[in-house]
Amino acid sequence: DYRGASVSANRIAKLDMTTGALDTTFNPPANNGFNDYVSAFAVSGTSLYVGGSFTAYRGAANSANRLAKVDLTTGALDTTFSPPGAGSNGFDSRVAALLANGTSLYVGGAFNAYKGVANSARRLAKLDLTSGALDTTFSPPGASANGFDEGVLSFASSGTSLYAAGYFTSYKGVATSAYSLAKLDLTSGAIDTT
């Protein structure tokens, strides 16, 4: 609820920066937002990327499994990025961090699977901003071939590097290789051991 209006802003709202008025194009009355909490945003062009613990957007079950791409103006869900269906989009557990860089979206959280594929993205994924396709160079398939052993909570980027922070202690199955902080190559995902 926003300003006492029932079901006016389900875990996301677009407000006028001056007046604070709710944008009802983005938040249509009684048919808006997500079914569980939102924990991360990223913006690229005319798109807003949203991460969290949700599985439904605007009341459509399995339309946005912990990740959604919506239009900044209308709030419409991009179904190319998030095809409808339980195993057709998103992650198997919470998304906590998002970073848009170039043509890629970096996603961090507590997940292990992307689009229903087990061990395809262990707490870290690099996706195409337009199609949502997983970059398998950055995240090779397999239980110890990609990602971290525990959750990723935040990102930063500089130059050709991605900095990831979280609860982890190992990267790509290598014990004690990354204690809560890692510097990775934005393209290949290689860890900087220096």
# chains A, B, ... in the order shown; residues from 1 in each chain; ligands from 1

call {"tool": "residues_around", "arguments": {"residues": "Ala30 in chain A", "least_positions_apart": "3", "cutoff": "12 Å", "atoms": "only C-alpha atoms", "output": "list in words"}}
result
Asp1, Tyr2, Ala5, Ser6, Val7, Ser8, Ala9, Asn10, Thr24, Thr25, Phe26, Asn27, Gly33, Phe34, Arg58 and Gly59 of chain A

call {"tool": "write_last_selection", "arguments": {"atoms": "N, CA, C and O atoms", "output": "compact mmCIF listing (two decimals), in the first residue's frame"}}
result
# COMPACT_ATOMS: atom_id res chain seq x y z
N ASP A 1 0.84 -1.19 0.00
CA ASP A 1 0.00 0.00 0.00
C ASP A 1 0.88 1.25 0.00
O ASP A 1 1.92 1.29 0.64
N TYR A 2 0.46 2.25 -0.72
CA TYR A 2 1.15 3.53 -0.72
C TYR A 2 0.16 4.61 -0.35
O TYR A 2 -0.93 4.69 -0.92
N ALA A 5 -3.52 3.66 0.15
CA ALA A 5 -4.31 3.08 -0.93
C ALA A 5 -4.03 1.58 -1.02
O ALA A 5 -2.90 1.18 -1.33
N SER A 6 -5.02 0.78 -0.73
CA SER A 6 -4.87 -0.67 -0.70
C SER A 6 -4.38 -1.23 -2.04
O SER A 6 -4.86 -0.85 -3.09
N VAL A 7 -3.40 -2.13 -1.97
CA VAL A 7 -2.83 -2.85 -3.12
C VAL A 7 -2.35 -1.90 -4.22
O VAL A 7 -2.38 -2.23 -5.40
N SER A 8 -1.88 -0.72 -3.85
CA SER A 8 -1.46 0.27 -4.84
C SER A 8 -0.01 0.10 -5.28
O SER A 8 0.36 0.54 -6.38
N ALA A 9 0.80 -0.55 -4.46
CA ALA A 9 2.22 -0.70 -4.77
C ALA A 9 2.74 -1.96 -4.10
O ALA A 9 3.20 -1.93 -2.97
N ASN A 10 2.64 -3.07 -4.81
CA ASN A 10 3.09 -4.36 -4.28
C ASN A 10 4.59 -4.53 -4.42
O ASN A 10 5.09 -4.99 -5.43
N THR A 24 0.48 5.63 -11.75
CA THR A 24 -0.47 4.52 -11.91
C THR A 24 -0.36 3.84 -13.28
O THR A 24 -1.01 2.82 -13.50
N THR A 25 0.46 4.40 -14.19
CA THR A 25 0.77 3.67 -15.42
C THR A 25 1.73 2.54 -15.08
O THR A 25 1.54 1.39 -15.49
N PHE A 26 2.74 2.85 -14.29
CA PHE A 26 3.70 1.84 -13.84
C PHE A 26 3.09 0.92 -12.80
O PHE A 26 3.38 -0.27 -12.76
N ASN A 27 2.26 1.47 -11.94
CA ASN A 27 1.59 0.74 -10.87
C ASN A 27 0.08 0.78 -11.07
O ASN A 27 -0.63 1.50 -10.37
N GLY A 33 3.15 -4.89 -9.36
CA GLY A 33 4.21 -5.35 -8.48
C GLY A 33 4.40 -6.85 -8.38
O GLY A 33 3.96 -7.63 -9.22
N PHE A 34 5.07 -7.22 -7.28
CA PHE A 34 5.55 -8.58 -7.07
C PHE A 34 4.89 -9.26 -5.87
O PHE A 34 4.36 -8.59 -4.99
N ARG A 58 2.70 -8.83 -11.38
CA ARG A 58 1.33 -8.44 -11.74
C ARG A 58 0.37 -9.62 -11.73
O ARG A 58 -0.50 -9.76 -12.58
N GLY A 59 0.57 -10.51 -10.76
CA GLY A 59 -0.35 -11.61 -10.53
C GLY A 59 -0.15 -12.84 -11.40
O GLY A 59 -0.85 -13.84 -11.23

call {"tool": "residues_around", "arguments": {"residues": "Lys183 in chain A", "least_positions_apart": "3", "cutoff": "8 Å", "atoms": "only C-alpha atoms", "output": "PDB file with N, CA and C atoms, in the first residue's frame"}}
result
ATOM      1  N   SER A 161      37.105  -4.990 -14.537  1.00  0.00           N
ATOM      2  CA  SER A 161      36.973  -5.847 -13.353  1.00  0.00           C
ATOM      3  C   SER A 161      35.594  -5.763 -12.706  1.00  0.00           C
ATOM      4  N   LEU A 162      35.163  -6.906 -12.183  1.00  0.00           N
ATOM      5  CA  LEU A 162      33.947  -7.018 -11.387  1.00  0.00           C
ATOM      6  C   LEU A 162      34.363  -7.385  -9.967  1.00  0.00           C
ATOM      7  N   TYR A 163      33.903  -6.623  -8.997  1.00  0.00           N
ATOM      8  CA  TYR A 163      34.156  -6.928  -7.592  1.00  0.00           C
ATOM      9  C   TYR A 163      32.880  -7.511  -7.003  1.00  0.00           C
ATOM     10  N   ALA A 164      32.991  -8.651  -6.351  1.00  0.00           N
ATOM     11  CA  ALA A 164      31.844  -9.312  -5.733  1.00  0.00           C
ATOM     12  C   ALA A 164      32.119  -9.477  -4.240  1.00  0.00           C
ATOM     13  N   ILE A 191      39.367 -15.223 -11.853  1.00  0.00           N
ATOM     14  CA  ILE A 191      39.645 -14.537 -10.597  1.00  0.00           C
ATOM     15  C   ILE A 191      41.045 -13.921 -10.629  1.00  0.00           C
ATOM     16  N   ASP A 192      41.164 -12.745 -10.049  1.00  0.00           N
ATOM     17  CA  ASP A 192      42.457 -12.057  -9.961  1.00  0.00           C
ATOM     18  C   ASP A 192      43.134 -12.508  -8.663  1.00  0.00           C
TER      19      ASP A 192
END

call {"tool": "select_by_dssp", "arguments": {"residues": "range 19-152 of chain A", "states": "strand (DSSP E)", "output": "ChimeraX atom specification"}}
result
/A:38-44,47-52,67-71,95-101,104-109,124-128,152

call {"tool": "residues_around", "arguments": {"residues": "Phe81 in chain A", "least_positions_apart": "3", "cutoff": "6 Å", "atoms": "only C-alpha atoms", "output": "list in words"}}
result
Asp78, Ser131 and Gly132 of chain A

call {"tool": "residues_around", "arguments": {"residues": "Thr130 in chain A", "least_positions_apart": "3", "cutoff": "9 Å", "atoms": "only C-alpha atoms", "output": "ChimeraX atom specification"}}
result
/A:80-81,103-104,127,133

call {"tool": "residues_around", "arguments": {"residues": "range 84-90 of chain A", "least_positions_apart": "4", "cutoff": "7 Å", "atoms": "only C-alpha atoms", "output": "tab-separated table (two decimals) with all heavy atoms, in the first residue's frame"}}
result
chain	number	residue	atom	x	y	z
A	62	ASN	N	4.83	-17.64	-11.87
A	62	ASN	CA	6.04	-18.04	-12.58
A	62	ASN	C	6.41	-17.14	-13.76
A	62	ASN	O	7.07	-17.56	-14.70
A	62	ASN	CB	5.94	-19.49	-13.06
A	62	ASN	CG	5.90	-20.45	-11.90
A	62	ASN	OD1	6.73	-20.37	-11.00
A	62	ASN	ND2	4.92	-21.33	-11.89
A	63	SER	N	6.00	-15.88	-13.68
A	63	SER	CA	6.33	-14.93	-14.74
A	63	SER	C	7.68	-14.27	-14.52
A	63	SER	O	8.31	-13.78	-15.47
A	63	SER	CB	5.25	-13.85	-14.83
A	63	SER	OG	5.13	-13.17	-13.59
A	64	ALA	N	8.16	-14.26	-13.28
A	64	ALA	CA	9.41	-13.60	-12.93
A	64	ALA	C	9.99	-14.28	-11.70
A	64	ALA	O	9.73	-13.88	-10.58
A	64	ALA	CB	9.16	-12.12	-12.67
A	65	ASN	N	10.76	-15.32	-11.93
A	65	ASN	CA	11.34	-16.10	-10.83
A	65	ASN	C	12.62	-15.44	-10.32
A	65	ASN	O	13.71	-15.69	-10.82
A	65	ASN	CB	11.59	-17.54	-11.27
A	65	ASN	CG	10.30	-18.29	-11.44
A	65	ASN	OD1	9.50	-18.36	-10.52
A	65	ASN	ND2	10.06	-18.82	-12.63
A	66	ARG	N	12.42	-14.57	-9.34
A	66	ARG	CA	13.48	-13.84	-8.63
A	66	ARG	C	14.23	-12.82	-9.46
A	66	ARG	O	15.12	-12.15	-8.99
A	66	ARG	CB	14.46	-14.80	-7.96
A	66	ARG	CG	13.81	-15.51	-6.79
A	66	ARG	CD	13.87	-16.99	-7.01
A	66	ARG	NE	13.05	-17.70	-6.05
A	66	ARG	CZ	12.44	-18.83	-6.37
A	66	ARG	NH1	12.55	-19.33	-7.58
A	66	ARG	NH2	11.72	-19.46	-5.48
A	67	LEU	N	13.87	-12.69	-10.76
A	67	LEU	CA	14.47	-11.68	-11.63
A	67	LEU	C	13.44	-11.26	-12.66
A	67	LEU	O	12.73	-12.09	-13.23
A	67	LEU	CB	15.69	-12.26	-12.35
A	67	LEU	CG	16.41	-11.34	-13.32
A	67	LEU	CD1	17.04	-10.15	-12.60
A	67	LEU	CD2	17.49	-12.11	-14.08
A	79	THR	N	8.89	-10.21	-21.85
A	79	THR	CA	8.74	-11.67	-21.89
A	79	THR	C	9.78	-12.34	-22.78
A	79	THR	O	9.88	-13.56	-22.80
A	79	THR	CB	7.32	-12.08	-22.32
A	79	THR	OG1	7.02	-11.46	-23.58
A	79	THR	CG2	6.29	-11.65	-21.28
A	114	TYR	N	19.78	-21.49	-13.11
A	114	TYR	CA	19.15	-20.48	-13.95
A	114	TYR	C	18.30	-21.17	-14.99
A	114	TYR	O	18.73	-22.14	-15.61
A	114	TYR	CB	20.22	-19.61	-14.62
A	114	TYR	CG	19.66	-18.51	-15.49
A	114	TYR	CD1	18.86	-17.52	-14.95
A	114	TYR	CD2	19.91	-18.48	-16.86
A	114	TYR	CE1	18.33	-16.50	-15.75
A	114	TYR	CE2	19.40	-17.45	-17.65
A	114	TYR	CZ	18.60	-16.48	-17.09
A	114	TYR	OH	18.08	-15.48	-17.88
A	115	LYS	N	17.07	-20.71	-15.14
A	115	LYS	CA	16.10	-21.28	-16.08
A	115	LYS	C	15.98	-22.80	-15.91
A	115	LYS	O	15.90	-23.54	-16.88
A	115	LYS	CB	16.44	-20.91	-17.52
A	115	LYS	CG	16.23	-19.43	-17.82
A	115	LYS	CD	16.38	-19.12	-19.29
A	115	LYS	CE	16.06	-17.66	-19.57
A	115	LYS	NZ	16.13	-17.33	-21.00
A	116	GLY	N	16.00	-23.25	-14.65
A	116	GLY	CA	15.78	-24.66	-14.33
A	116	GLY	C	16.95	-25.58	-14.54
A	116	GLY	O	16.84	-26.79	-14.33

call {"tool": "residues_around", "arguments": {"residues": "Val95 in chain A", "least_positions_apart": "3", "cutoff": "12 Å", "atoms": "only C-alpha atoms", "output": "JSON, numbers by chain"}}
result
{"A": [36, 37, 38, 39, 40, 41, 49, 50, 51, 52, 53, 54, 55, 64, 65, 66, 67, 68, 90, 91, 92, 98, 99, 106, 107, 108, 109, 110, 111, 112, 113, 114, 121, 122, 123, 124, 125, 151, 152, 153, 154]}

call {"tool": "atom_distance", "arguments": {"atom1": "CA of Leu129 in chain A", "atom2": "CA of Ala56 in chain A"}}
result
20.2 Å

call {"tool": "residues_around", "arguments": {"residues": "Pro141 in chain A", "least_positions_apart": "3", "cutoff": "12 Å", "atoms": "only C-alpha atoms", "output": "PyMOL selection string"}}
result
chain A and resi 112-114+117-122+125+134-138+144-147+172

call {"tool": "atom_distance", "arguments": {"atom1": "CA of Leu184 in chain A", "atom2": "CA of Lys126 in chain A"}}
result
11.9 Å

call {"tool": "atom_distance", "arguments": {"atom1": "CA of Phe155 in chain A", "atom2": "CA of Tyr171 in chain A"}}
result
15.3 Å

call {"tool": "decode", "arguments": {"residues": "range 41-55 of chain A", "atoms": "all heavy atoms", "output": "short mmCIF file (atom, residue, chain, number, x, y, z; two decimals), in the first residue's frame"}}
result
data_model
loop_
_atom_site.label_atom_id
_atom_site.label_comp_id
_atom_site.auth_asym_id
_atom_site.auth_seq_id
_atom_site.Cartn_x
_atom_site.Cartn_y
_atom_site.Cartn_z
N PHE A 41 18.02 -3.47 -7.67
CA PHE A 41 17.65 -2.80 -8.91
C PHE A 41 18.89 -2.55 -9.76
O PHE A 41 19.97 -2.32 -9.22
CB PHE A 41 17.04 -1.41 -8.66
CG PHE A 41 15.67 -1.38 -8.10
CD1 PHE A 41 15.40 -0.59 -6.98
CD2 PHE A 41 14.62 -2.07 -8.67
CE1 PHE A 41 14.13 -0.52 -6.45
CE2 PHE A 41 13.34 -2.00 -8.15
CZ PHE A 41 13.09 -1.22 -7.04
N ALA A 42 18.70 -2.51 -11.08
CA ALA A 42 19.70 -2.01 -12.01
C ALA A 42 18.95 -1.39 -13.17
O ALA A 42 17.87 -1.87 -13.55
CB ALA A 42 20.61 -3.13 -12.51
N VAL A 43 19.49 -0.31 -13.72
CA VAL A 43 18.86 0.37 -14.85
C VAL A 43 19.81 0.36 -16.03
O VAL A 43 21.01 0.59 -15.87
CB VAL A 43 18.49 1.83 -14.48
CG1 VAL A 43 17.96 2.58 -15.69
CG2 VAL A 43 17.48 1.86 -13.36
N SER A 44 19.26 0.09 -17.21
CA SER A 44 20.01 0.20 -18.46
C SER A 44 19.05 0.66 -19.54
O SER A 44 18.03 0.01 -19.79
CB SER A 44 20.63 -1.14 -18.84
OG SER A 44 21.37 -1.02 -20.04
N GLY A 45 19.35 1.80 -20.15
CA GLY A 45 18.48 2.34 -21.19
C GLY A 45 17.09 2.59 -20.66
O GLY A 45 16.91 3.28 -19.66
N THR A 46 16.10 1.99 -21.30
CA THR A 46 14.70 2.17 -20.90
C THR A 46 14.19 0.99 -20.06
O THR A 46 12.99 0.83 -19.88
CB THR A 46 13.78 2.33 -22.13
OG1 THR A 46 13.90 1.15 -22.94
CG2 THR A 46 14.17 3.56 -22.93
N SER A 47 15.12 0.19 -19.53
CA SER A 47 14.73 -1.00 -18.78
C SER A 47 15.16 -0.94 -17.32
O SER A 47 16.24 -0.43 -17.01
CB SER A 47 15.34 -2.25 -19.42
OG SER A 47 14.88 -2.42 -20.74
N LEU A 48 14.31 -1.49 -16.47
CA LEU A 48 14.60 -1.65 -15.05
C LEU A 48 14.70 -3.14 -14.77
O LEU A 48 13.78 -3.90 -15.08
CB LEU A 48 13.49 -1.03 -14.19
CG LEU A 48 13.57 -1.27 -12.69
CD1 LEU A 48 14.78 -0.56 -12.10
CD2 LEU A 48 12.29 -0.80 -12.01
N TYR A 49 15.82 -3.57 -14.21
CA TYR A 49 16.02 -4.97 -13.81
C TYR A 49 15.77 -5.04 -12.31
O TYR A 49 16.29 -4.22 -11.55
CB TYR A 49 17.43 -5.43 -14.17
CG TYR A 49 17.68 -5.39 -15.66
CD1 TYR A 49 18.09 -4.21 -16.28
CD2 TYR A 49 17.46 -6.50 -16.45
CE1 TYR A 49 18.29 -4.15 -17.65
CE2 TYR A 49 17.66 -6.46 -17.82
CZ TYR A 49 18.06 -5.28 -18.42
OH TYR A 49 18.25 -5.23 -19.78
N VAL A 50 14.98 -6.02 -11.90
CA VAL A 50 14.56 -6.14 -10.51
C VAL A 50 14.90 -7.55 -10.02
O VAL A 50 14.60 -8.54 -10.69
CB VAL A 50 13.04 -5.89 -10.37
CG1 VAL A 50 12.62 -5.91 -8.91
CG2 VAL A 50 12.62 -4.59 -11.04
N GLY A 51 15.52 -7.63 -8.84
CA GLY A 51 15.84 -8.92 -8.25
C GLY A 51 15.27 -9.03 -6.85
O GLY A 51 15.06 -8.02 -6.18
N GLY A 52 15.02 -10.25 -6.40
CA GLY A 52 14.48 -10.46 -5.07
C GLY A 52 14.09 -11.90 -4.83
O GLY A 52 14.71 -12.82 -5.37
N SER A 53 13.03 -12.09 -4.04
CA SER A 53 12.54 -13.43 -3.69
C SER A 53 11.22 -13.78 -4.34
O SER A 53 10.62 -14.80 -4.05
CB SER A 53 12.40 -13.55 -2.17
OG SER A 53 13.67 -13.58 -1.58
N PHE A 54 10.73 -12.94 -5.22
CA PHE A 54 9.43 -13.10 -5.86
C PHE A 54 9.42 -14.19 -6.93
O PHE A 54 10.48 -14.62 -7.41
CB PHE A 54 8.98 -11.77 -6.47
CG PHE A 54 10.04 -11.11 -7.32
CD1 PHE A 54 10.25 -11.51 -8.64
CD2 PHE A 54 10.84 -10.11 -6.80
CE1 PHE A 54 11.23 -10.90 -9.42
CE2 PHE A 54 11.82 -9.49 -7.58
CZ PHE A 54 12.01 -9.90 -8.89
N THR A 55 8.22 -14.62 -7.31
CA THR A 55 8.04 -15.58 -8.41
C THR A 55 6.95 -15.12 -9.38
O THR A 55 6.77 -15.73 -10.42
CB THR A 55 7.67 -16.98 -7.89
OG1 THR A 55 6.49 -16.89 -7.10
CG2 THR A 55 8.80 -17.59 -7.07
#
